[in-house]
Amino acid sequence: MSLERINPEELSPATGFSHAVTATGSRLVFLAGQTALDGSGKVVGETLPEQFERALANLLTALAAAGGTPADLARVTVYAVDVADYREHAGELGRIWRRLAGREYPAMAVVGVVRLWDTQALLELDGFAVLP
């Protein structure tokens with residue numbers, strides 16, 4: 001399996017994401033949306049960074065259970081109830097990403113939403129990975 005991250009010079013600098021990712025491999029893993037739920041199904045964390053860390057950890061746990069690693073992520077979408085808050089914390093969220101998932105970024109998007117399934121959730125992450 002291989003992922004190639006493509007960031008054309010003609011586009012704005014890719015900071016915390018890749019503009020495009022090509023993937024070759026034999027197994028796709030589609031990851032369901034993950035929020036900051038703990039093992040009992042309760043949303044934990046009061047701040048967006050706290051919830052981001054838990055949601056990302058949950059996404060990576062599901063990926064690991066399917067046999068993948070963070071480097072296998074080809075696409076991640078973040079659904080945020082407050083995009084301005086997300087942007088305000090972008091630096092901290094980037095540090096959390098690097099600590100949990102490393103420095104290889106998938107193609108990403110942040111989408112503003114009115115609310116999520118769990119009303120206490122501030123964001124949700126889903127994505128897909130390509131495994132060998």
# chains A, B, ... in the order shown; residues from 1 in each chain; ligands from 1
>>> closest_atom_pairs(of="region 15-78 of chain A", to="region 108-114 of chain A", cutoff="10 Å", atoms="only C-alpha atoms", output="tab-separated table")
residue	atom	partner	partner_atom	distance
A:Gly16	CA	A:Met108	CA	8.4
A:Phe17	CA	A:Met108	CA	5.6
A:Ser18	CA	A:Met108	CA	6.9
A:His19	CA	A:Met108	CA	7.8
A:Ala20	CA	A:Met108	CA	8.9
A:Val21	CA	A:Met108	CA	9.9
A:Ala74	CA	A:Met108	CA	8.7
A:Arg75	CA	A:Met108	CA	5.8
A:Val76	CA	A:Met108	CA	5.0
A:Thr77	CA	A:Ala109	CA	5.0
A:Val78	CA	A:Val110	CA	4.6
>>> closest_atom_pairs(of="region 94-118 of chain A", to="region 46-49 of chain A", cutoff="12 Å", atoms="only C-alpha atoms", output="tab-separated table")
residue	atom	partner	partner_atom	distance
A:Gly94	CA	A:Pro49	CA	9.8
A:Arg95	CA	A:Pro49	CA	10.0
A:Ile96	CA	A:Pro49	CA	8.0
A:Trp97	CA	A:Pro49	CA	10.4
>>> write_last_selection(atoms="N, CA and C atoms", output="compact mmCIF listing (two decimals), in the first residue's frame")
# COMPACT_ATOMS: atom_id res chain seq x y z
N GLY A 94 -3.50 21.22 15.67
CA GLY A 94 -2.39 20.67 14.89
C GLY A 94 -1.39 19.94 15.78
N ARG A 95 -1.12 20.50 16.94
CA ARG A 95 -0.19 19.82 17.87
C ARG A 95 -0.78 18.50 18.36
N ILE A 96 -2.08 18.49 18.63
CA ILE A 96 -2.75 17.25 19.05
C ILE A 96 -2.66 16.23 17.92
N TRP A 97 -2.94 16.66 16.68
CA TRP A 97 -2.86 15.74 15.54
C TRP A 97 -1.46 15.14 15.44
>>> residues_around(residues="Leu63 (chain A)", least_positions_apart="6", cutoff="9 Å", atoms="only C-alpha atoms", output="ChimeraX atom specification")
/A:29-31,69-70,72-73,128-129
>>> write_last_selection(atoms="N, CA and C atoms", output="tab-separated table (two decimals), in the first residue's frame")
chain	number	residue	atom	x	y	z
A	29	VAL	N	-10.77	1.09	4.34
A	29	VAL	CA	-11.45	1.12	5.64
A	29	VAL	C	-12.21	2.43	5.71
A	30	PHE	N	-13.53	2.35	5.83
A	30	PHE	CA	-14.37	3.53	5.98
A	30	PHE	C	-14.65	3.70	7.47
A	31	LEU	N	-14.29	4.88	7.98
A	31	LEU	CA	-14.37	5.13	9.42
A	31	LEU	C	-15.59	5.98	9.73
A	69	THR	N	-2.97	2.15	10.56
A	69	THR	CA	-2.21	3.12	11.34
A	69	THR	C	-2.58	4.52	10.85
A	70	PRO	N	-2.22	5.56	11.60
A	70	PRO	CA	-2.52	6.91	11.13
A	70	PRO	C	-1.95	7.22	9.74
A	72	ASP	N	-2.03	5.47	7.26
A	72	ASP	CA	-2.91	4.90	6.24
A	72	ASP	C	-4.11	5.78	5.92
A	73	LEU	N	-4.31	6.84	6.70
A	73	LEU	CA	-5.46	7.72	6.48
A	73	LEU	C	-5.31	8.46	5.15
A	128	PHE	N	-11.55	7.83	5.71
A	128	PHE	CA	-11.23	6.50	5.20
A	128	PHE	C	-9.74	6.33	5.06
A	129	ALA	N	-9.34	5.08	5.09
A	129	ALA	CA	-7.92	4.71	5.02
A	129	ALA	C	-7.75	3.64	3.96
>>> atom_distance(atom1="CA of Gln34 (chain A)", atom2="CA of Thr15 (chain A)")
22.8 Å
>>> select_by_dssp(residues="chain A", states="alpha helix (DSSP H)", output="JSON, numbers by chain")
{"A": [48, 49, 50, 51, 52, 53, 54, 55, 56, 57, 58, 59, 60, 61, 62, 63, 64, 65, 83, 84, 85, 86, 87, 88, 90, 91, 92, 93, 94, 95, 96, 97, 98, 99, 100, 101]}
>>> select_by_dssp(residues="chain A", states="strand (DSSP E)", output="PyMOL selection string")
chain A and resi 2-6+20-24+27-34+73-80+107-112+123-131
>>> closest_residue(among="A:Leu60, A:Val81, A:Val130, A:Glu124", to="Gly102 (chain A)", atoms="only C-alpha atoms")
A:Leu60
>>> closest_residue(among="A:Tyr79, A:Gly39, A:Pro8, A:Ala14", to="Trp117 (chain A)", atoms="only C-alpha atoms")
A:Tyr79
>>> closest_residue(among="A:Asn58, A:Ser40, A:Gln51, A:Ser12", to="Asp126 (chain A)", atoms="only C-alpha atoms")
A:Asn58
>>> residues_around(residues="Ala36 (chain A)", least_positions_apart="4", cutoff="7 Å", atoms="only C-alpha atoms", output="list in words")
Val43, Val44, Gln51, Phe52, Arg54, Ala55 and Ala121 of chain A
>>> closest_residue(among="A:Leu131, A:Leu100, A:Ala84, A:Ala71", to="Arg27 (chain A)", atoms="only C-alpha atoms")
A:Leu131
>>> closest_residue(among="A:Glu4, A:Glu50, A:Asp118, A:Asp38", to="Tyr86 (chain A)", atoms="only C-alpha atoms")
A:Glu50
